[in-house]
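A quick write-up on the structure given underneath.
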Amino acid sequence: MTEREYNQCVNLYADNVYRFILKNLRHEEDARDVVQSAYEKMWVNREQVQNEKCRSFLFTVAYNTMIDHIRKNKRIVLKENFNEIALGSSGLQQNAKRILNEALSKLSQTQRSLVMLKDYEGYNYAEIGEITGLNESQVKVYLHRARLLLRDYIVKVENVL
């Protein structure tokens, strides 16, 4: 990977990686640190990274860095107030967003990562397996279980919109 290709990769995927890490860590400064470390590792290993695989490599490194960060700081459960009031959004949309964030917080770290990679970032099962170090069958099973937990939480009588 050349310096130019590295810069293109940064421009293309910086927001996606940051959103993925932020959704998992739920702490802005920690997410920035993890993403910065991931880009640093990619820069150091740029000679071994193929340009076509830069996205997968970047997400893999970011995911592993995030797991290391969690283990190091023992911050598995973070509480943060998610009062994100968007201009022009209705209370119904805010309530749906709140319920979805609460449902995601009920998942384990692995399940939340799998849901984010599949449903938010659009990776296929094989790519998710490469990123997380799980085989494709494990990805499918864990993702299925995570979606069942999400469904059960979201359709509770007190959460129905």
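Naming scheme: A, B, ... for chains in displayed order of the structure tokens; residues 1 onward per chain; ligands 1 onward as shown.
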
Item to complete: Compile the contact shell of region 47-51 of chain A as a list of chain:residue names: residues with an atom at most 12 Å away, counting only C-alpha atoms, same-chain residues fewer than 5 positions apart removed.
Response: A:Met1, A:Thr2, A:Glu3, A:Arg4, A:Glu5, A:Tyr6, A:Asn7, A:Gln8, A:Cys9, A:Val10, A:Lys41, A:Met42, A:Ser56, A:Phe57, A:Leu58, A:Val61

Take the residues just selected and output them with C-alpha atoms as a tab-separated table (two decimals), in the first residue's frame.
chain	number	residue	atom	x	y	z
A	1	MET	CA	0.00	0.00	0.00
A	2	THR	CA	1.43	3.33	-0.99
A	3	GLU	CA	1.13	6.56	0.97
A	4	ARG	CA	-1.51	7.76	-1.49
A	5	GLU	CA	-3.54	4.55	-1.12
A	6	TYR	CA	-3.26	4.83	2.66
A	7	ASN	CA	-4.63	8.39	2.53
A	8	GLN	CA	-7.49	7.25	0.28
A	9	CYS	CA	-8.32	4.48	2.74
A	10	VAL	CA	-8.35	7.00	5.59
A	41	LYS	CA	-0.96	0.11	13.09
A	42	MET	CA	-2.13	0.20	9.49
A	56	SER	CA	-11.15	-5.37	6.02
A	57	PHE	CA	-7.68	-4.91	7.50
A	58	LEU	CA	-8.66	-1.60	9.07
A	61	VAL	CA	-7.26	-3.96	13.53

Using 12 Å as the limit and counting only C-alpha atoms, can you tabulate each residue of region 51-70 of chain A that touches region 19-26 of chain A, with its shortest atom-to-atom distance in Å and the two atoms involved, as JSON lines?
{"residue": "A:Leu58", "atom": "CA", "partner": "A:Phe20", "partner_atom": "CA", "distance": 11.6}
{"residue": "A:Phe59", "atom": "CA", "partner": "A:Phe20", "partner_atom": "CA", "distance": 8.8}
{"residue": "A:Thr60", "atom": "CA", "partner": "A:Ile21", "partner_atom": "CA", "distance": 11.4}
{"residue": "A:Val61", "atom": "CA", "partner": "A:Ile21", "partner_atom": "CA", "distance": 11.2}
{"residue": "A:Ala62", "atom": "CA", "partner": "A:Ile21", "partner_atom": "CA", "distance": 7.5}
{"residue": "A:Tyr63", "atom": "CA", "partner": "A:Ile21", "partner_atom": "CA", "distance": 7.5}
{"residue": "A:Asn64", "atom": "CA", "partner": "A:Ile21", "partner_atom": "CA", "distance": 10.6}
{"residue": "A:Thr65", "atom": "CA", "partner": "A:Ile21", "partner_atom": "CA", "distance": 9.7}
{"residue": "A:Met66", "atom": "CA", "partner": "A:Ile21", "partner_atom": "CA", "distance": 7.1}
{"residue": "A:Ile67", "atom": "CA", "partner": "A:Leu25", "partner_atom": "CA", "distance": 9.6}
{"residue": "A:Asp68", "atom": "CA", "partner": "A:Leu25", "partner_atom": "CA", "distance": 11.8}
{"residue": "A:His69", "atom": "CA", "partner": "A:Leu25", "partner_atom": "CA", "distance": 9.4}
{"residue": "A:Ile70", "atom": "CA", "partner": "A:Leu25", "partner_atom": "CA", "distance": 8.1}

For the residues in the current selection, export N, CA and C atoms as an mmCIF file, in the first residue's frame.
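Output file selection32.cif follows:
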data_model
loop_
_atom_site.group_PDB
_atom_site.id
_atom_site.type_symbol
_atom_site.label_atom_id
_atom_site.label_comp_id
_atom_site.auth_asym_id
_atom_site.auth_seq_id
_atom_site.Cartn_x
_atom_site.Cartn_y
_atom_site.Cartn_z
ATOM 1 N N LEU A 58 -8.421 -2.705 8.147
ATOM 2 C CA LEU A 58 -8.660 -1.599 9.067
ATOM 3 C C LEU A 58 -9.699 -1.968 10.128
ATOM 4 N N PHE A 59 -10.811 -2.561 9.709
ATOM 5 C CA PHE A 59 -11.839 -2.945 10.672
ATOM 6 C C PHE A 59 -11.340 -4.049 11.602
ATOM 7 N N THR A 60 -10.542 -4.974 11.083
ATOM 8 C CA THR A 60 -9.984 -6.035 11.920
ATOM 9 C C THR A 60 -9.078 -5.454 12.990
ATOM 10 N N VAL A 61 -8.185 -4.576 12.579
ATOM 11 C CA VAL A 61 -7.260 -3.956 13.527
ATOM 12 C C VAL A 61 -8.033 -3.102 14.539
ATOM 13 N N ALA A 62 -9.007 -2.343 14.070
ATOM 14 C CA ALA A 62 -9.800 -1.497 14.971
ATOM 15 C C ALA A 62 -10.568 -2.359 15.971
ATOM 16 N N TYR A 63 -11.158 -3.446 15.508
ATOM 17 C CA TYR A 63 -11.915 -4.343 16.391
ATOM 18 C C TYR A 63 -10.993 -4.929 17.462
ATOM 19 N N ASN A 64 -9.841 -5.444 17.046
ATOM 20 C CA ASN A 64 -8.908 -6.041 17.996
ATOM 21 C C ASN A 64 -8.349 -5.004 18.969
ATOM 22 N N THR A 65 -8.090 -3.801 18.484
ATOM 23 C CA THR A 65 -7.620 -2.722 19.352
ATOM 24 C C THR A 65 -8.697 -2.355 20.368
ATOM 25 N N MET A 66 -9.958 -2.344 19.926
ATOM 26 C CA MET A 66 -11.067 -2.047 20.820
ATOM 27 C C MET A 66 -11.173 -3.109 21.921
ATOM 28 N N ILE A 67 -11.056 -4.367 21.552
ATOM 29 C CA ILE A 67 -11.122 -5.454 22.538
ATOM 30 C C ILE A 67 -9.976 -5.313 23.543
ATOM 31 N N ASP A 68 -8.774 -5.026 23.045
ATOM 32 C CA ASP A 68 -7.634 -4.813 23.950
ATOM 33 C C ASP A 68 -7.891 -3.633 24.884
ATOM 34 N N HIS A 69 -8.454 -2.571 24.355
ATOM 35 C CA HIS A 69 -8.755 -1.387 25.155
ATOM 36 C C HIS A 69 -9.757 -1.724 26.258
ATOM 37 N N ILE A 70 -10.780 -2.467 25.915
ATOM 38 C CA ILE A 70 -11.792 -2.853 26.905
ATOM 39 C C ILE A 70 -11.170 -3.698 27.999
#

Discussion item. According to DSSP computed on the backbone, where in chain A is there helix (DSSP H, G or I)? Give the residues as a ChimeraX atom specification.
Written reply: /A:3-25,28-44,51-73,91-105,109-120,125-132,136-154

Keeping only C-alpha atoms, write the selected residues as an mmCIF file, in the first residue's frame.
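What landed in part-v9.cif:
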data_model
loop_
_atom_site.group_PDB
_atom_site.id
_atom_site.type_symbol
_atom_site.label_atom_id
_atom_site.label_comp_id
_atom_site.auth_asym_id
_atom_site.auth_seq_id
_atom_site.Cartn_x
_atom_site.Cartn_y
_atom_site.Cartn_z
ATOM 1 C CA GLU A 3 1.126 6.558 0.972
ATOM 2 C CA ARG A 4 -1.508 7.761 -1.487
ATOM 3 C CA GLU A 5 -3.540 4.549 -1.123
ATOM 4 C CA TYR A 6 -3.263 4.835 2.662
ATOM 5 C CA ASN A 7 -4.628 8.387 2.533
ATOM 6 C CA GLN A 8 -7.493 7.252 0.283
ATOM 7 C CA CYS A 9 -8.316 4.481 2.743
ATOM 8 C CA VAL A 10 -8.349 7.003 5.588
ATOM 9 C CA ASN A 11 -10.641 9.326 3.643
ATOM 10 C CA LEU A 12 -13.018 6.533 2.632
ATOM 11 C CA TYR A 13 -13.371 4.634 5.905
ATOM 12 C CA ALA A 14 -12.523 6.992 8.783
ATOM 13 C CA ASP A 15 -16.165 7.815 9.556
ATOM 14 C CA ASN A 16 -17.320 4.193 9.308
ATOM 15 C CA VAL A 17 -14.604 2.899 11.621
ATOM 16 C CA TYR A 18 -15.194 5.681 14.123
ATOM 17 C CA ARG A 19 -18.977 5.084 14.187
ATOM 18 C CA PHE A 20 -18.448 1.346 14.623
ATOM 19 C CA ILE A 21 -16.045 1.793 17.524
ATOM 20 C CA LEU A 22 -18.112 4.577 19.117
ATOM 21 C CA LYS A 23 -21.300 2.457 19.019
ATOM 22 C CA ASN A 24 -19.436 -0.320 20.798
ATOM 23 C CA LEU A 25 -17.485 1.698 23.359
ATOM 24 C CA GLU A 28 -16.029 9.466 22.330
ATOM 25 C CA GLU A 29 -12.469 9.947 23.564
ATOM 26 C CA ASP A 30 -11.839 6.225 23.870
ATOM 27 C CA ALA A 31 -13.266 5.663 20.386
ATOM 28 C CA ARG A 32 -10.947 8.327 18.958
ATOM 29 C CA ASP A 33 -7.966 6.709 20.675
ATOM 30 C CA VAL A 34 -8.847 3.266 19.347
ATOM 31 C CA VAL A 35 -9.351 4.544 15.798
ATOM 32 C CA GLN A 36 -6.090 6.489 15.941
ATOM 33 C CA SER A 37 -4.258 3.364 17.121
ATOM 34 C CA ALA A 38 -5.821 1.345 14.322
ATOM 35 C CA TYR A 39 -4.654 3.840 11.707
ATOM 36 C CA GLU A 40 -1.213 3.919 13.274
ATOM 37 C CA LYS A 41 -0.963 0.113 13.086
ATOM 38 C CA MET A 42 -2.130 0.204 9.487
ATOM 39 C CA TRP A 43 0.528 2.820 8.682
ATOM 40 C CA VAL A 44 3.254 0.739 10.297
ATOM 41 C CA ASN A 51 -5.060 -1.863 -1.189
ATOM 42 C CA GLU A 52 -8.108 -4.016 -2.060
ATOM 43 C CA LYS A 53 -8.159 -5.383 1.487
ATOM 44 C CA CYS A 54 -7.552 -2.115 3.336
ATOM 45 C CA ARG A 55 -11.151 -1.861 4.615
ATOM 46 C CA SER A 56 -11.151 -5.374 6.022
ATOM 47 C CA PHE A 57 -7.679 -4.912 7.500
ATOM 48 C CA LEU A 58 -8.660 -1.599 9.067
ATOM 49 C CA PHE A 59 -11.839 -2.945 10.672
ATOM 50 C CA THR A 60 -9.984 -6.035 11.920
ATOM 51 C CA VAL A 61 -7.260 -3.956 13.527
ATOM 52 C CA ALA A 62 -9.800 -1.497 14.971
ATOM 53 C CA TYR A 63 -11.915 -4.343 16.391
ATOM 54 C CA ASN A 64 -8.908 -6.041 17.996
ATOM 55 C CA THR A 65 -7.620 -2.722 19.352
ATOM 56 C CA MET A 66 -11.067 -2.047 20.820
ATOM 57 C CA ILE A 67 -11.122 -5.454 22.538
ATOM 58 C CA ASP A 68 -7.634 -4.813 23.950
ATOM 59 C CA HIS A 69 -8.755 -1.387 25.155
ATOM 60 C CA ILE A 70 -11.792 -2.853 26.905
ATOM 61 C CA ARG A 71 -9.713 -5.514 28.599
ATOM 62 C CA LYS A 72 -7.093 -2.987 29.638
ATOM 63 C CA ASN A 73 -9.503 -0.473 31.120
ATOM 64 C CA GLY A 91 -40.386 12.628 19.759
ATOM 65 C CA LEU A 92 -41.402 9.318 18.215
ATOM 66 C CA GLN A 93 -38.101 9.041 16.347
ATOM 67 C CA GLN A 94 -36.165 9.977 19.481
ATOM 68 C CA ASN A 95 -38.048 7.337 21.452
ATOM 69 C CA ALA A 96 -37.279 4.711 18.812
ATOM 70 C CA LYS A 97 -33.614 5.697 18.848
ATOM 71 C CA ARG A 98 -33.515 5.521 22.641
ATOM 72 C CA ILE A 99 -35.131 2.078 22.671
ATOM 73 C CA LEU A 100 -32.740 0.799 20.020
ATOM 74 C CA ASN A 101 -29.717 2.132 21.944
ATOM 75 C CA GLU A 102 -31.035 0.516 25.133
ATOM 76 C CA ALA A 103 -31.573 -2.770 23.293
ATOM 77 C CA LEU A 104 -28.044 -2.673 21.870
ATOM 78 C CA SER A 105 -26.626 -1.999 25.327
ATOM 79 C CA GLN A 109 -19.709 -6.967 23.387
ATOM 80 C CA THR A 110 -19.389 -9.698 20.744
ATOM 81 C CA GLN A 111 -23.075 -9.644 19.863
ATOM 82 C CA ARG A 112 -23.146 -5.849 19.605
ATOM 83 C CA SER A 113 -20.070 -5.899 17.361
ATOM 84 C CA LEU A 114 -21.605 -8.528 15.095
ATOM 85 C CA VAL A 115 -24.875 -6.617 14.763
ATOM 86 C CA MET A 116 -23.020 -3.401 13.991
ATOM 87 C CA LEU A 117 -20.748 -5.047 11.419
ATOM 88 C CA LYS A 118 -23.571 -6.862 9.646
ATOM 89 C CA ASP A 119 -26.537 -4.517 9.835
ATOM 90 C CA TYR A 120 -24.839 -1.139 10.085
ATOM 91 C CA TYR A 125 -20.585 -13.324 7.249
ATOM 92 C CA ALA A 126 -17.157 -14.318 5.934
ATOM 93 C CA GLU A 127 -15.793 -10.784 6.299
ATOM 94 C CA ILE A 128 -17.197 -10.503 9.822
ATOM 95 C CA GLY A 129 -15.515 -13.800 10.651
ATOM 96 C CA GLU A 130 -12.178 -12.437 9.446
ATOM 97 C CA ILE A 131 -12.587 -9.254 11.464
ATOM 98 C CA THR A 132 -13.667 -10.922 14.715
ATOM 99 C CA GLU A 136 -18.722 -18.200 9.631
ATOM 100 C CA SER A 137 -21.012 -20.593 11.529
ATOM 101 C CA GLN A 138 -20.265 -18.901 14.840
ATOM 102 C CA VAL A 139 -20.982 -15.510 13.287
ATOM 103 C CA LYS A 140 -24.373 -16.708 12.045
ATOM 104 C CA VAL A 141 -25.310 -18.284 15.393
ATOM 105 C CA TYR A 142 -24.175 -15.337 17.531
ATOM 106 C CA LEU A 143 -25.848 -12.867 15.179
ATOM 107 C CA HIS A 144 -29.095 -14.844 15.234
ATOM 108 C CA ARG A 145 -29.089 -14.931 19.039
ATOM 109 C CA ALA A 146 -28.323 -11.206 19.208
ATOM 110 C CA ARG A 147 -31.214 -10.411 16.889
ATOM 111 C CA LEU A 148 -33.564 -12.523 18.993
ATOM 112 C CA LEU A 149 -32.520 -10.603 22.107
ATOM 113 C CA LEU A 150 -33.007 -7.308 20.276
ATOM 114 C CA ARG A 151 -36.440 -8.360 19.065
ATOM 115 C CA ASP A 152 -37.504 -9.516 22.515
ATOM 116 C CA TYR A 153 -36.424 -6.229 24.067
ATOM 117 C CA ILE A 154 -37.886 -3.978 21.384
#
